[in-house]
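Participant: Below is the file coords.csv, which contains CSV, C-alpha atoms.
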chain,number,residue,atom,x,y,z
G,17,MET,CA,0.0,0.0,0.0
G,18,ASN,CA,1.5,3.4,-1.0
G,19,THR,CA,1.8,6.3,1.3
G,20,SER,CA,-1.2,8.2,0.0
G,21,SER,CA,-3.4,5.1,0.4
G,22,ILE,CA,-2.2,4.6,4.0
G,23,TYR,CA,-2.9,8.2,4.8
G,24,ARG,CA,-6.5,8.0,3.4
G,25,CYS,CA,-7.1,5.0,5.6
G,26,PHE,CA,-5.4,6.6,8.6
G,27,PRO,CA,-8.4,8.0,10.5
G,28,VAL,CA,-10.2,4.6,10.9
G,29,PHE,CA,-7.1,2.5,11.2
G,30,ILE,CA,-5.3,4.5,13.8
G,31,LEU,CA,-8.3,5.0,16.0
G,32,ILE,CA,-9.1,1.3,16.0
G,33,CYS,CA,-5.5,0.5,17.0
G,34,SER,CA,-5.6,3.2,19.6
G,35,VAL,CA,-8.8,2.0,21.3
G,36,LEU,CA,-8.2,-1.8,21.0
G,37,SER,CA,-4.5,-2.0,21.8
G,38,PRO,CA,-4.0,-4.3,24.9
G,39,ASN,CA,-1.2,-1.9,26.1
G,40,HIS,CA,-3.7,0.9,26.1
G,41,LEU,CA,-6.3,-1.0,28.1
G,42,ALA,CA,-3.7,-2.1,30.7
G,43,ALA,CA,-2.5,1.5,31.1
G,44,SER,CA,-6.0,2.7,31.5
G,45,GLU,CA,-6.9,0.6,34.5
G,46,VAL,CA,-7.4,2.5,37.7
G,47,VAL,CA,-5.4,1.1,40.7
G,48,ALA,CA,-7.7,0.2,43.5
G,49,GLY,CA,-7.6,2.6,46.4
G,50,GLY,CA,-5.8,5.4,44.5
G,51,SER,CA,-7.1,8.9,44.0
G,52,GLN,CA,-7.8,9.5,40.4
G,53,PRO,CA,-5.7,12.3,39.1
G,54,PRO,CA,-6.8,14.4,36.1
G,55,ALA,CA,-5.5,13.4,32.7
G,56,VAL,CA,-2.5,15.4,31.6
G,57,VAL,CA,-1.9,16.6,28.0
G,58,ILE,CA,1.4,18.3,27.4
G,59,GLY,CA,2.3,19.9,24.1
G,60,PHE,CA,5.7,21.3,23.1
G,61,VAL,CA,6.3,23.9,20.4
G,62,GLY,CA,9.2,23.7,18.1
G,63,GLY,CA,12.3,25.9,17.5
G,64,PHE,CA,12.1,29.2,19.4
G,65,VAL,CA,8.4,29.5,19.2
G,66,ARG,CA,6.6,31.0,22.2
G,67,HIS,CA,4.2,28.8,24.0
G,68,ASN,CA,1.3,31.2,23.4
G,69,ASP,CA,1.9,31.9,19.7
G,70,ALA,CA,-1.5,31.0,18.3
G,71,ILE,CA,-0.3,30.8,14.7
G,72,HIS,CA,0.9,27.3,15.5
G,73,GLN,CA,-1.5,24.3,15.5
G,74,GLU,CA,0.0,22.8,18.6
G,75,VAL,CA,-1.0,25.9,20.5
G,76,GLN,CA,-4.4,26.0,19.0
G,77,LEU,CA,-5.0,22.4,19.9
G,78,ALA,CA,-4.1,23.1,23.6
G,79,ALA,CA,-6.5,26.0,23.6
G,80,ARG,CA,-9.4,23.9,22.2
G,81,LEU,CA,-8.8,21.1,24.7
G,82,ARG,CA,-8.7,23.5,27.7
G,83,SER,CA,-12.0,25.0,26.5
G,84,GLU,CA,-13.8,21.7,26.0
G,85,TYR,CA,-12.4,19.8,29.0
G,86,PRO,CA,-12.8,22.4,31.8
G,87,SER,CA,-12.4,19.7,34.5
G,88,GLY,CA,-10.8,16.2,34.6
G,89,VAL,CA,-8.1,17.2,32.2
G,90,GLU,CA,-5.0,19.4,32.6
G,91,VAL,CA,-3.7,20.8,29.4
G,92,ARG,CA,-0.3,22.7,29.2
G,93,ILE,CA,1.8,23.9,26.3
G,94,PHE,CA,5.5,24.6,26.8
G,95,GLU,CA,8.6,25.8,24.9
G,96,ASN,CA,10.8,22.9,24.1
G,97,HIS,CA,13.7,24.4,26.2
G,98,VAL,CA,11.8,24.4,29.5
G,99,ALA,CA,11.5,20.7,29.9
G,100,ARG,CA,12.3,20.9,33.6
G,101,GLN,CA,9.4,23.2,34.2
G,102,ALA,CA,7.1,20.9,32.2
G,103,HIS,CA,8.3,17.9,34.2
G,104,GLN,CA,7.7,19.5,37.5
G,105,GLU,CA,4.2,20.5,36.4
G,106,ILE,CA,3.3,16.9,35.5
G,107,LEU,CA,4.5,15.6,38.8
G,108,ARG,CA,2.6,18.4,40.6
G,109,VAL,CA,-0.7,17.5,38.9
G,110,LEU,CA,-0.2,13.8,39.6
G,111,ASP,CA,0.5,14.4,43.3
G,112,THR,CA,-3.2,14.3,44.3
G,113,ASP,CA,-2.5,14.0,48.0
G,114,HIS,CA,0.0,16.9,47.9
G,115,SER,CA,2.6,14.9,49.8
G,116,GLY,CA,5.5,16.1,47.5
G,117,THR,CA,6.2,12.5,46.5
G,118,LEU,CA,4.2,10.3,44.1
G,119,SER,CA,2.8,7.1,45.6
G,120,ALA,CA,2.6,3.9,43.6
G,121,SER,CA,-1.1,4.4,43.0
G,122,GLU,CA,-0.6,8.0,41.9
G,123,LYS,CA,2.0,6.8,39.4
G,124,LEU,CA,0.0,4.0,38.0
G,125,ASN,CA,-3.2,6.0,37.8
G,126,ALA,CA,-1.5,8.6,35.6
G,127,ARG,CA,-3.0,9.3,32.2
G,128,ILE,CA,-0.5,11.3,30.2
G,129,VAL,CA,-0.4,12.4,26.5
G,130,LEU,CA,2.7,14.1,25.1
G,131,TYR,CA,2.8,15.8,21.7
G,132,GLY,CA,5.0,18.3,19.8
G,133,HIS,CA,6.4,19.5,16.5
G,134,SER,CA,10.0,19.6,15.4
G,135,TRP,CA,12.2,20.1,18.5
G,136,GLY,CA,9.0,20.0,20.5
G,137,ALA,CA,8.4,16.4,19.2
G,138,SER,CA,11.9,15.5,20.3
G,139,GLU,CA,11.2,17.0,23.7
G,140,ALA,CA,7.9,14.9,24.0
G,141,VAL,CA,9.9,11.7,23.7
G,142,ASN,CA,12.6,13.0,26.1
G,143,MET,CA,9.8,13.9,28.6
G,144,ALA,CA,8.5,10.3,28.3
G,145,ARG,CA,12.0,9.1,29.1
G,146,ALA,CA,12.2,11.3,32.2
G,147,LEU,CA,8.8,10.0,33.4
G,148,GLU,CA,10.1,6.5,32.8
G,149,LYS,CA,12.8,7.2,35.4
G,150,ASP,CA,10.0,8.3,37.8
G,151,GLY,CA,8.1,5.1,37.2
G,152,VAL,CA,5.2,7.0,35.5
G,153,PRO,CA,3.5,5.5,32.5
G,154,VAL,CA,2.5,7.5,29.4
G,155,LEU,CA,-0.5,6.6,27.3
G,156,LEU,CA,0.6,8.2,24.0
G,157,THR,CA,3.4,10.2,22.4
G,158,ILE,CA,2.7,12.1,19.1
G,159,GLN,CA,5.6,13.4,17.0
G,160,VAL,CA,5.0,15.8,14.1
G,161,ASP,CA,8.1,16.2,11.9
G,162,SER,CA,10.3,15.4,14.8
G,163,VAL,CA,13.8,17.0,14.8
G,164,SER,CA,16.2,15.6,17.4
G,165,LYS,CA,17.6,18.1,19.8
G,166,PHE,CA,21.2,17.9,20.9
G,167,GLY,CA,21.7,15.2,23.4
G,168,GLU,CA,18.2,13.7,22.8
G,169,ASP,CA,17.0,10.6,20.9
G,170,ASP,CA,13.7,11.1,19.2
G,171,ARG,CA,13.8,7.7,17.4
G,172,PHE,CA,13.5,5.1,20.2
G,173,ILE,CA,10.3,5.2,22.3
G,174,PRO,CA,10.8,4.2,26.0
G,175,PRO,CA,8.9,1.2,27.4
G,176,ASN,CA,6.7,3.3,29.7
G,177,VAL,CA,4.8,4.6,26.6
G,178,SER,CA,1.8,2.5,25.6
G,179,GLN,CA,1.4,3.9,22.1
G,180,ALA,CA,3.3,6.2,19.8
G,181,VAL,CA,2.8,7.7,16.4
G,182,ASN,CA,5.0,9.7,14.0
G,183,PHE,CA,4.1,12.1,11.2
G,184,TYR,CA,6.9,13.3,9.0
G,185,GLN,CA,8.0,14.8,5.7
G,186,LEU,CA,11.3,14.5,3.9
G,187,ASP,CA,11.6,17.6,1.7
G,188,GLY,CA,13.4,20.9,2.3
G,189,LEU,CA,16.4,21.7,4.5
G,190,LEU,CA,14.6,20.6,7.6
G,191,HIS,CA,12.6,17.4,7.9
G,192,GLY,CA,11.5,14.9,10.5
G,193,GLN,CA,12.5,11.6,11.9
G,194,ARG,CA,11.2,9.0,9.4
G,195,GLN,CA,10.9,6.1,11.7
G,196,ILE,CA,10.2,5.7,15.4
G,197,ILE,CA,10.9,2.3,17.1
G,198,ALA,CA,9.7,0.8,20.3
G,199,THR,CA,12.5,0.0,22.8
G,200,ASP,CA,10.3,-2.8,24.0
G,201,PRO,CA,7.7,-3.9,21.4
G,202,LEU,CA,5.9,-5.9,24.0
G,203,ARG,CA,5.1,-2.8,26.0
G,204,THR,CA,4.8,-0.1,23.3
G,205,ARG,CA,2.7,-0.2,20.2
G,206,ILE,CA,3.9,2.0,17.3
G,207,LEU,CA,0.7,3.1,15.7
G,208,GLY,CA,2.5,4.2,12.5
G,209,ASN,CA,5.1,6.3,10.8
G,210,PHE,CA,3.1,8.4,8.3
G,211,GLN,CA,4.9,10.3,5.5
G,212,LEU,CA,3.3,13.5,4.1
G,213,ASN,CA,4.3,15.2,0.9
G,214,TYR,CA,3.3,18.8,0.0
G,215,LYS,CA,4.8,19.1,-3.5
G,216,SER,CA,1.4,18.7,-5.1
G,217,ARG,CA,-0.7,19.7,-2.1
G,218,PRO,CA,0.7,23.0,-0.6
G,219,VAL,CA,-0.6,24.2,2.7
G,220,ASN,CA,-1.2,27.9,3.6
G,221,CYS,CA,1.5,29.2,6.0
G,222,ASP,CA,0.3,32.7,6.4
G,223,GLY,CA,1.7,34.4,9.5
G,224,TYR,CA,5.0,32.5,9.5
G,225,PRO,CA,8.3,34.5,9.1
G,226,TRP,CA,9.6,35.0,5.5
G,227,TYR,CA,12.7,32.9,6.2
G,228,ALA,CA,10.7,30.0,7.4
G,229,LYS,CA,8.7,30.0,4.2
G,230,ILE,CA,11.9,30.1,2.1
G,231,PHE,CA,14.2,27.7,3.9
G,232,MET,CA,11.9,25.3,5.7
G,233,LYS,CA,8.5,25.5,4.0
G,234,PRO,CA,7.6,21.7,4.0
G,235,HIS,CA,8.6,21.7,7.7
G,236,ILE,CA,6.0,24.4,8.5
G,237,GLU,CA,3.5,23.0,6.1
G,238,ILE,CA,3.2,19.9,8.1
G,239,GLU,CA,2.9,22.0,11.2
G,240,SER,CA,0.1,24.0,9.5
G,241,ASP,CA,-1.7,21.0,7.9
G,242,PRO,CA,-5.2,20.7,9.3
G,243,SER,CA,-5.5,17.1,8.1
G,244,VAL,CA,-2.5,16.1,10.3
G,245,TRP,CA,-3.7,18.0,13.3
G,246,ASN,CA,-7.2,16.6,13.0
G,247,GLN,CA,-5.7,13.2,13.4
G,248,VAL,CA,-3.6,14.4,16.3
G,249,GLU,CA,-6.6,15.8,18.0
G,250,SER,CA,-8.6,12.6,17.5
G,251,LEU,CA,-5.9,10.6,19.1
G,252,VAL,CA,-5.6,12.9,22.1
G,253,ARG,CA,-9.3,12.9,22.6
G,254,SER,CA,-9.5,9.1,22.4
G,255,LYS,CA,-7.2,9.0,25.5
G,256,LEU,CA,-9.3,11.5,27.5
G,257,THR,CA,-12.7,9.9,27.2
G,258,LEU,CA,-12.2,7.2,29.9
G,259,ASN,CA,-10.8,9.8,32.3
G,260,VAL,CA,-13.7,12.2,31.9
G,261,GLU,CA,-16.2,9.4,32.2
G,262,THR,CA,-14.6,8.1,35.3
G,263,ALA,CA,-14.6,11.5,36.9
G,264,LYS,CA,-18.3,11.8,36.0
G,265,ALA,CA,-19.1,8.5,37.6
G,266,LYS,CA,-17.4,9.7,40.8
G,267,GLY,CA,-19.3,12.9,40.8
G,268,LEU,CA,-16.1,15.0,40.3
G,269,THR,CA,-17.4,16.8,37.3
G,270,LYS,CA,-20.6,17.6,35.5
Can the structure from this file be put into structure tokens for me?

Facilitator:
Amino acid sequence: MNTSSIYRCFPVFILICSVLSPNHLAASEVVAGGSQPPAVVIGFVGGFVRHNDAIHQEVQLAARLRSEYPSGVEVRIFENHVARQAHQEILRVLDTDHSGTLSASEKLNARIVLYGHSWGASEAVNMARALEKDGVPVLLTIQVDSVSKFGEDDRFIPPNVSQAVNFYQLDGLLHGQRQIIATDPLRTRILGNFQLNYKSRPVNCDGYPWYAKIFMKPHIEIESDPSVWNQVESLVRSKLTLNVETAKAKGLTK
């Protein structure tokens, strides 16, 4: 099956894999006796983009999620160079008893989704690796045209991640990681490595700096591509449904 055919089939295929994956079901089980923390969605912008620059799709996605999930879900967007701050925020949200240390139940009840573009995608994988050291599972990592930062490895997905997906393009001076691999295939399911091509299907990049349009146009086209981000959003939402329904059942939200 060629790339375009795979991409046309993506919405159904990827969501079926996401929902039915045994790893996902295991990661979604609530540990008895533990206090249910909110789901956590962390996005990382690429390059030197500001976390509140609304031109970028990753920022827009975070804004939509915050608006539509006012409780039961914590959504944050960070610059890719403030990973320590993002890490501390994740641990703070998971610490439901405010003890300053995560208990076994707080760790295992965690529901975390990490996503990003370019250096931000690399940082998403790096964050998952930091959480692995904490003993915290991650439901899903999403990489969009991932460009490895110095000292980071955006290719190998750590075993605390249940599912991972990668969107990339290979044109221009700057392009993404073409293949992500599970460090432990028994614990991590790679939902796919999906290649995009904008030579015959250009995407509007209004609002981006002139130099980005000249030197890295395909790299910002994939960041601006609504078809890609619709899939990203669908994947993120698929991981939030269980958490919100659980909160409703416990009377924690309306």

Participant: What residues have an atom no more than 10 Å from (3.7, 9.2, 28.1) in the file's own frame, counting only C-alpha atoms, and can you write them as a ChimeraX atom specification?

Facilitator: /G:56-58,126-131,140-148,152-158,173-180

Participant: Would you mind reading off the distance between CA of Val61 in chain G and CA of Glu239 in chain G, one decimal, in Å?

Facilitator: 10.0 Å

Participant: Can you measure CA of Arg100 in chain G to CA of Leu118 in chain G for me? One decimal in Å is fine.

Facilitator: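 CA of Leu118 in chain G lies 17.0 Å from CA of Arg100 in chain G.
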
Participant: One decimal, in Å: what's the spacing between CA of Glu139 in chain G and CA of Asn96 in chain G?

Facilitator: 5.9 Å

Participant: Using only C-alpha atoms, can you tell me which of G:Phe94, G:Phe183, G:Trp135, G:Tyr224 comes closest to Ile206 in chain G?

Facilitator: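 For Ile206 in chain G, the nearest of the given residues is G:Phe183.
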
Participant: Could you complete range 123-135 of chain G so that it carries N, CA and C atoms, and give it back as a compact mmCIF listing (two decimals), keeping the file's coordinate frame?

Facilitator:
# COMPACT_ATOMS: atom_id res chain seq x y z
N LYS G 123 1.26 7.10 40.59
CA LYS G 123 2.00 6.80 39.40
C LYS G 123 1.22 6.00 38.39
N LEU G 124 0.66 4.91 38.87
CA LEU G 124 0.00 4.00 38.00
C LEU G 124 -1.36 4.46 37.50
N ASN G 125 -1.94 5.40 38.22
CA ASN G 125 -3.20 6.00 37.80
C ASN G 125 -2.99 7.13 36.77
N ALA G 126 -1.75 7.47 36.49
CA ALA G 126 -1.50 8.60 35.60
C ALA G 126 -1.98 8.31 34.19
N ARG G 127 -2.54 9.35 33.57
CA ARG G 127 -3.00 9.30 32.20
C ARG G 127 -2.35 10.50 31.47
N ILE G 128 -1.30 10.26 30.73
CA ILE G 128 -0.50 11.30 30.20
C ILE G 128 -0.39 11.17 28.65
N VAL G 129 -0.60 12.29 27.94
CA VAL G 129 -0.40 12.40 26.50
C VAL G 129 0.64 13.46 26.24
N LEU G 130 1.63 13.16 25.44
CA LEU G 130 2.70 14.10 25.10
C LEU G 130 2.73 14.29 23.58
N TYR G 131 2.78 15.54 23.12
CA TYR G 131 2.80 15.80 21.70
C TYR G 131 3.72 16.98 21.38
N GLY G 132 4.16 17.09 20.13
CA GLY G 132 5.00 18.30 19.80
C GLY G 132 5.36 18.24 18.31
N HIS G 133 5.90 19.37 17.88
CA HIS G 133 6.40 19.50 16.50
C HIS G 133 7.85 19.88 16.53
N SER G 134 8.64 19.31 15.61
CA SER G 134 10.00 19.60 15.40
C SER G 134 10.84 19.35 16.72
N TRP G 135 11.56 20.34 17.25
CA TRP G 135 12.20 20.10 18.50
C TRP G 135 11.24 19.80 19.64
